[in-house]
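J.: Okay, so here is work-v5.cif, and as you'll see once you scroll down, it has mmCIF, C-alpha atoms.
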data_run
loop_
_atom_site.group_PDB
_atom_site.id
_atom_site.type_symbol
_atom_site.label_atom_id
_atom_site.label_comp_id
_atom_site.auth_asym_id
_atom_site.auth_seq_id
_atom_site.Cartn_x
_atom_site.Cartn_y
_atom_site.Cartn_z
ATOM 1 C CA MET A 63 42.627 -20.279 16.318
ATOM 2 C CA CYS A 64 40.531 -17.987 14.143
ATOM 3 C CA ARG A 65 41.347 -14.359 14.745
ATOM 4 C CA SER A 66 38.169 -13.061 13.147
ATOM 5 C CA ILE A 67 35.973 -14.669 15.814
ATOM 6 C CA LYS A 68 35.386 -11.977 18.422
ATOM 7 C CA THR A 69 34.805 -12.478 22.123
ATOM 8 C CA LEU A 70 31.066 -12.507 22.798
ATOM 9 C CA ARG A 71 30.885 -12.113 26.560
ATOM 10 C CA GLU A 72 30.803 -9.141 28.855
ATOM 11 C CA PRO A 73 32.713 -6.890 29.317
ATOM 12 C CA TYR A 74 33.927 -7.263 25.730
ATOM 13 C CA VAL A 75 30.526 -6.605 24.215
ATOM 14 C CA PRO A 76 27.532 -4.971 25.899
ATOM 15 C CA GLU A 77 24.959 -7.026 23.974
ATOM 16 C CA VAL A 78 25.224 -10.280 22.043
ATOM 17 C CA THR A 79 22.790 -10.712 19.181
ATOM 18 C CA PRO A 80 21.765 -13.971 17.521
ATOM 19 C CA ALA A 81 23.554 -12.671 14.415
ATOM 20 C CA ASP A 82 26.791 -12.374 16.432
ATOM 21 C CA VAL A 83 26.463 -15.966 17.618
ATOM 22 C CA GLU A 84 25.641 -17.217 14.119
ATOM 23 C CA ALA A 85 28.617 -15.367 12.587
ATOM 24 C CA ALA A 86 31.009 -16.815 15.165
ATOM 25 C CA ALA A 87 29.623 -20.322 14.615
ATOM 26 C CA LEU A 88 29.977 -19.970 10.857
ATOM 27 C CA GLN A 89 33.585 -18.784 11.175
ATOM 28 C CA TYR A 90 34.388 -21.689 13.487
ATOM 29 C CA VAL A 91 32.897 -24.305 11.154
ATOM 30 C CA ARG A 92 34.649 -22.734 8.155
ATOM 31 C CA LYS A 93 37.976 -22.879 9.966
ATOM 32 C CA ILE A 94 37.568 -26.449 11.186
ATOM 33 C CA SER A 95 36.259 -27.800 7.873
ATOM 34 C CA GLY A 96 38.628 -25.843 5.665
ATOM 35 C CA PHE A 97 35.726 -24.790 3.449
ATOM 36 C CA ARG A 98 34.470 -21.260 2.979
ATOM 37 C CA ALA A 99 31.339 -22.712 1.408
ATOM 38 C CA PRO A 100 30.738 -26.461 1.234
ATOM 39 C CA ALA A 101 30.023 -28.432 -1.911
ATOM 40 C CA ALA A 102 26.377 -29.347 -2.401
ATOM 41 C CA HIS A 103 26.916 -32.874 -1.079
ATOM 42 C CA ASN A 104 28.353 -31.455 2.182
ATOM 43 C CA ALA A 105 25.943 -28.537 2.654
ATOM 44 C CA ALA A 106 23.578 -30.328 5.054
ATOM 45 C CA ALA A 107 26.418 -31.443 7.344
ATOM 46 C CA PHE A 108 27.991 -27.969 7.217
ATOM 47 C CA ASP A 109 24.703 -26.204 8.013
ATOM 48 C CA GLU A 110 23.908 -28.608 10.850
ATOM 49 C CA ALA A 111 27.361 -28.024 12.332
ATOM 50 C CA VAL A 112 26.804 -24.253 12.238
ATOM 51 C CA ARG A 113 23.451 -24.679 14.011
ATOM 52 C CA ALA A 114 24.976 -26.980 16.641
ATOM 53 C CA VAL A 115 27.898 -24.646 17.334
ATOM 54 C CA ALA A 116 25.564 -21.635 17.533
ATOM 55 C CA ALA A 117 23.325 -23.477 20.008
ATOM 56 C CA ALA A 118 26.306 -24.534 22.133
ATOM 57 C CA THR A 119 27.626 -20.966 22.039
ATOM 58 C CA ALA A 120 24.283 -19.519 23.157
ATOM 59 C CA THR A 121 24.080 -22.056 25.987
ATOM 60 C CA LEU A 122 27.603 -21.235 27.124
ATOM 61 C CA LEU A 123 27.002 -17.489 27.095
ATOM 62 C CA ASP A 124 23.712 -17.897 28.973
ATOM 63 C CA ARG A 125 25.397 -19.942 31.699
ATOM 64 C CA LEU A 126 28.630 -17.977 32.158
ATOM 65 C CA GLU A 127 28.925 -15.991 35.335
ATOM 66 C CA VAL A 128 31.377 -13.124 34.980
ATOM 67 C CA ARG A 129 32.678 -12.162 38.406
ATOM 68 C CA GLY A 130 32.660 -8.469 39.069
ATOM 69 C CA GLY A 131 30.457 -7.873 36.046
ATOM 70 C CA ARG A 132 26.809 -7.702 35.251
ATOM 71 C CA SER A 133 24.820 -10.816 34.554
ATOM 72 C CA ALA A 134 24.722 -12.183 31.012
ATOM 73 C CA PRO A 135 22.483 -10.249 28.618
ATOM 74 C CA GLN A 136 19.129 -11.842 27.867
ATOM 75 C CA ARG A 137 18.501 -13.012 24.313
#
Would you mind writing the structure in this file as structure tokens?

T.:
Amino acid sequence: MCRSIKTLREPYVPEVTPADVEAAALQYVRKISGFRAPAAHNAAAFDEAVRAVAAATATLLDRLEVRGGRSAPQR
């Protein structure tokens, strides 16, 4: 889908920061919406989508169990 979104789970990265999650969420919403930056009348919907995707991403990463690896890093 979007090649600039990097994998955020072990063993690909040793530590995932909130900034990493936010950047991935922003890239995802940009790709899906087709907007790099939304018009003023779409800014609230765009920003809410970024927050929702970031929250879903954090939940996913917290719940993933990587077999043969260490447990997920704490945020």

J.: With all atoms listed in the file as the counted atoms, please give the residues lying no more than 12 Å from Thr69 in chain A, apart from itself and same-chain residues fewer than 6 positions off, as an MDAnalysis selection string.

T.: chainID A and resid 75:78 82:83 85:86 119 123

J.: Distance CA of Ala114 in chain A-CA of Arg129 in chain A, one decimal place?

T.: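 Between CA of Ala114 in chain A and CA of Arg129 in chain A the gap is 27.4 Å.
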
J.: So how far away is CA of Glu72 in chain A from CA of Arg113 in chain A, in Å?

T.: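 Between CA of Arg113 in chain A and CA of Glu72 in chain A the gap is 22.7 Å.
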
J.: Run the PyMOL selection byres ((chain A and resi 93-96) around 12) on the file and write out the hits as a ChimeraX atom specification.

T.: /A:63-67,86-92,97-101,104-105,107-109,111-112,115

J.: For C-alpha atoms, I'd like the residues from the last selection saved as a PDB file, in the coordinates of the input.

T.:
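Everything below was put into again.pdb:
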ATOM      1  CA  MET A  63      42.627 -20.279  16.318  1.00  0.00           C
ATOM      2  CA  CYS A  64      40.531 -17.987  14.143  1.00  0.00           C
ATOM      3  CA  ARG A  65      41.347 -14.359  14.745  1.00  0.00           C
ATOM      4  CA  SER A  66      38.169 -13.061  13.147  1.00  0.00           C
ATOM      5  CA  ILE A  67      35.973 -14.669  15.814  1.00  0.00           C
ATOM      6  CA  ALA A  86      31.009 -16.815  15.165  1.00  0.00           C
ATOM      7  CA  ALA A  87      29.623 -20.322  14.615  1.00  0.00           C
ATOM      8  CA  LEU A  88      29.977 -19.970  10.857  1.00  0.00           C
ATOM      9  CA  GLN A  89      33.585 -18.784  11.175  1.00  0.00           C
ATOM     10  CA  TYR A  90      34.388 -21.689  13.487  1.00  0.00           C
ATOM     11  CA  VAL A  91      32.897 -24.305  11.154  1.00  0.00           C
ATOM     12  CA  ARG A  92      34.649 -22.734   8.155  1.00  0.00           C
ATOM     13  CA  PHE A  97      35.726 -24.790   3.449  1.00  0.00           C
ATOM     14  CA  ARG A  98      34.470 -21.260   2.979  1.00  0.00           C
ATOM     15  CA  ALA A  99      31.339 -22.712   1.408  1.00  0.00           C
ATOM     16  CA  PRO A 100      30.738 -26.461   1.234  1.00  0.00           C
ATOM     17  CA  ALA A 101      30.023 -28.432  -1.911  1.00  0.00           C
ATOM     18  CA  ASN A 104      28.353 -31.455   2.182  1.00  0.00           C
ATOM     19  CA  ALA A 105      25.943 -28.537   2.654  1.00  0.00           C
ATOM     20  CA  ALA A 107      26.418 -31.443   7.344  1.00  0.00           C
ATOM     21  CA  PHE A 108      27.991 -27.969   7.217  1.00  0.00           C
ATOM     22  CA  ASP A 109      24.703 -26.204   8.013  1.00  0.00           C
ATOM     23  CA  ALA A 111      27.361 -28.024  12.332  1.00  0.00           C
ATOM     24  CA  VAL A 112      26.804 -24.253  12.238  1.00  0.00           C
ATOM     25  CA  VAL A 115      27.898 -24.646  17.334  1.00  0.00           C
TER      26      VAL A 115
END

J.: Between CA of Ala118 in chain A and CA of Ala106 in chain A, what is the distance, to one decimal in Å?

T.: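 Spanning CA of Ala118 in chain A to CA of Ala106 in chain A is a straight-line distance of 18.2 Å.
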
J.: Determine the nearest neighbour of Glu84 in chain A from the options A:Ala116, A:Glu127, A:Leu122, A:His103, counting only C-alpha atoms.

T.: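 The answer is A:Ala116, which sits nearest to Glu84 in chain A.
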
J.: Can you tell me, as JSON, the centre and edge lengths (Å, one decimal) of the axis-aligned box enclosing all of range 107-122 of chain A's listed atoms after padding each side by 6 Å?

T.:
{"center_x": 25.7, "center_y": -25.5, "center_z": 17.2, "size_x": 16.7, "size_y": 23.9, "size_z": 31.9}
